[in-house]
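**Student:** Quick one: structure below, then a few questions.
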Amino acid sequence: MAALSALAAPSRWRAVRGGREEARRGPASEDALKRRPRRQPPQFCTDSVMNAAGPDLVEAPEERRFLSTAEAAALERELLEDYRFGRQQLAELCGHASAVAVTKVFPLAALSRKQRTVLVVCGPEQNGAVGLVCARHLWMFEYEPTIFYPMRSPDPLHQDLTTQCEKMDIPFLSYLPAEVQLINDAYGLVVDAMLGPGAAPGDVGGPCTRALATLKLLSIPLVSLDIPSGWDAETGSDSEDGLRPDVLVSLAAPKRCAGRFSGRHHFVAGRFVPDDVRRKFALRLPGYTGTDCVVAL
């Protein structure tokens, strides 16, 4: 594992590979892609949410764009059990789309060398798995990710994704400095993949709680995956005193707390959700353009 101390965060912005330093390649040129028109996804809003999803789910109202915690869990079960998606497949789809969302807000060609450095903070739950995939794709997109993963999950999915990052020489921080300015100086932005829906800081332990307290004080841009860590997924409570991300990437569909998001950019990474599932949950979201895997709200 490429473990770094926090104080050794990327000086000279070089990558360590196989025991030797070599300069990263410069940013790849970005050719404009012609976007072809695509039919808008069906926007039926009269279907009842699946009866098998549980008694807490009721018929979805028209114009509904946000899912409750129970509905989000039911949608995931639909993908896993009925459509036979795999957990690693979903993490890969969401993590890749999250990295693409980062590139849309912070295009590589417009960034200085220092601004290309990204700190990805991962937790032990599913959001952390998505964060690991996001970091790997950012590396492939020529960004400079570093991962802080304080509570490593024994889940084979997390172990596999961690191994992939280690084999690609993506550095891992051994600790997160309490001195906020060190992070502000070392990185161009932070990706928050600590806590997903249903996970509270107290549920996952001290390291994540301390990391959350540090992230609140940062002055560099913050990108949260699915929900901002520390927020209640239903009500958005703690949104005033919690993280205030500049960018939110909702996975599959926006959660109810996203209604309180006031940052600059909100994306949905859910192009993989089949049309039948969108209709069942009455998801009324903008259509995806061309080959894009994310759409801005």
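Residue numbering restarts at 1 for every chain of the structure tokens, chains are lettered A, B, ... in their displayed order, and ligands are numbered from 1 as they appear.
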Excluding range 147-149 of chain A and any residue of its chain fewer than 2 positions from it, enumerate the residues within 9 Å of it, using only C-alpha atoms, and give them as a VMD selection string.
**Tutor:** chain A and resid 118 to 124 128 131 to 132 135 145 151 to 152 165 170 to 176 194
**Student:** Taking the backbone alone, and naming residues the way the document does, which bits of range 128-226 of chain A are alpha helix (DSSP H) by DSSP, as a VMD selection string?
**Tutor:** chain A and resid 128 to 140 156 to 167 180 to 186 201 to 204 206 to 215
**Student:** When you look at Arg136 in chain A with a cut-off of 9 Å (counting only C-alpha atoms), what residues show up, excluding the ones that are within fewer than 2 positions of it in the same chain? I need them as JSON, numbers by chain.
**Tutor:** {"A": [95, 96, 99, 131, 132, 133, 134, 138, 139, 140, 141, 145, 161, 164, 165, 168, 170]}
**Student:** Using only C-alpha atoms, which residue out of A:Val268, A:Ala74, A:Val273, A:Leu225 lies closest to Pro245 in chain A?
**Tutor:** A:Leu225
**Student:** Assign secondary structure with DSSP using the backbone only, and return the residues of range 141-253 of chain A in strand (DSSP E) as number ranges by chain.
**Tutor:** A: 144-148, 172-173, 189-193, 222-225, 247-251
**Student:** Export N, CA and C atoms of the chosen residues as a JSON list (two decimals), in the first residue's frame?
**Tutor:**
[["chain", "number", "residue", "atom", "x", "y", "z"],
["A", 144, "GLU", "N", -5.06, 13.80, -9.62],
["A", 144, "GLU", "CA", -4.09, 13.32, -8.63],
["A", 144, "GLU", "C", -4.82, 12.97, -7.33],
["A", 145, "PRO", "N", -5.55, 11.85, -7.28],
["A", 145, "PRO", "CA", -6.29, 11.52, -6.06],
["A", 145, "PRO", "C", -5.40, 10.94, -4.97],
["A", 146, "THR", "N", -5.75, 11.25, -3.74],
["A", 146, "THR", "CA", -5.21, 10.60, -2.55],
["A", 146, "THR", "C", -6.40, 10.16, -1.72],
["A", 147, "ILE", "N", -6.34, 8.98, -1.13],
["A", 147, "ILE", "CA", -7.47, 8.42, -0.40],
["A", 147, "ILE", "C", -7.20, 8.45, 1.10],
["A", 148, "PHE", "N", -8.17, 8.92, 1.86],
["A", 148, "PHE", "CA", -8.15, 8.75, 3.32],
["A", 148, "PHE", "C", -9.28, 7.80, 3.67],
["A", 172, "PHE", "N", -2.52, 6.43, -0.17],
["A", 172, "PHE", "CA", -3.46, 6.47, 0.96],
["A", 172, "PHE", "C", -2.80, 7.26, 2.09],
["A", 173, "LEU", "N", -3.58, 8.15, 2.69],
["A", 173, "LEU", "CA", -3.10, 8.87, 3.87],
["A", 173, "LEU", "C", -3.18, 7.96, 5.09],
["A", 189, "LEU", "N", -9.42, 19.99, -4.14],
["A", 189, "LEU", "CA", -10.80, 19.74, -3.75],
["A", 189, "LEU", "C", -10.87, 18.43, -2.97],
["A", 190, "VAL", "N", -12.01, 18.20, -2.32],
["A", 190, "VAL", "CA", -12.23, 17.01, -1.51],
["A", 190, "VAL", "C", -13.51, 16.33, -1.97],
["A", 191, "VAL", "N", -13.47, 15.00, -2.07],
["A", 191, "VAL", "CA", -14.66, 14.20, -2.35],
["A", 191, "VAL", "C", -15.07, 13.52, -1.05],
["A", 192, "ASP", "N", -16.30, 13.79, -0.61],
["A", 192, "ASP", "CA", -16.85, 13.24, 0.62],
["A", 192, "ASP", "C", -17.63, 11.97, 0.28],
["A", 193, "ALA", "N", -17.04, 10.81, 0.62],
["A", 193, "ALA", "CA", -17.71, 9.52, 0.42],
["A", 193, "ALA", "C", -17.73, 8.76, 1.75],
["A", 222, "LEU", "N", -15.85, 21.17, -2.04],
["A", 222, "LEU", "CA", -16.24, 19.88, -1.49],
["A", 222, "LEU", "C", -17.31, 19.26, -2.38],
["A", 223, "VAL", "N", -17.11, 17.99, -2.74],
["A", 223, "VAL", "CA", -18.07, 17.23, -3.54],
["A", 223, "VAL", "C", -18.58, 16.09, -2.67],
["A", 224, "SER", "N", -19.89, 16.03, -2.42],
["A", 224, "SER", "CA", -20.47, 14.94, -1.62],
["A", 224, "SER", "C", -21.17, 13.94, -2.53],
["A", 225, "LEU", "N", -20.99, 12.65, -2.21],
["A", 225, "LEU", "CA", -21.61, 11.59, -2.98],
["A", 225, "LEU", "C", -22.87, 11.10, -2.29],
["A", 247, "VAL", "N", -20.81, 20.72, -4.50],
["A", 247, "VAL", "CA", -21.36, 19.82, -5.51],
["A", 247, "VAL", "C", -21.96, 18.61, -4.81],
["A", 248, "LEU", "N", -23.15, 18.21, -5.25],
["A", 248, "LEU", "CA", -23.79, 17.00, -4.75],
["A", 248, "LEU", "C", -24.04, 16.07, -5.94],
["A", 249, "VAL", "N", -23.62, 14.81, -5.81],
["A", 249, "VAL", "CA", -23.87, 13.81, -6.83],
["A", 249, "VAL", "C", -24.81, 12.77, -6.23],
["A", 250, "SER", "N", -26.09, 12.84, -6.59],
["A", 250, "SER", "CA", -27.08, 11.88, -6.10],
["A", 250, "SER", "C", -26.92, 10.58, -6.88],
["A", 251, "LEU", "N", -26.87, 9.46, -6.18],
["A", 251, "LEU", "CA", -26.65, 8.16, -6.81],
["A", 251, "LEU", "C", -27.99, 7.49, -7.08]]
**Student:** What's the separation between CA of Pro107 in chain A and CA of Cys257 in chain A, in Å to one decimal place?
**Tutor:**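 CA of Cys257 in chain A lies at a distance of 27.4 Å from CA of Pro107 in chain A.
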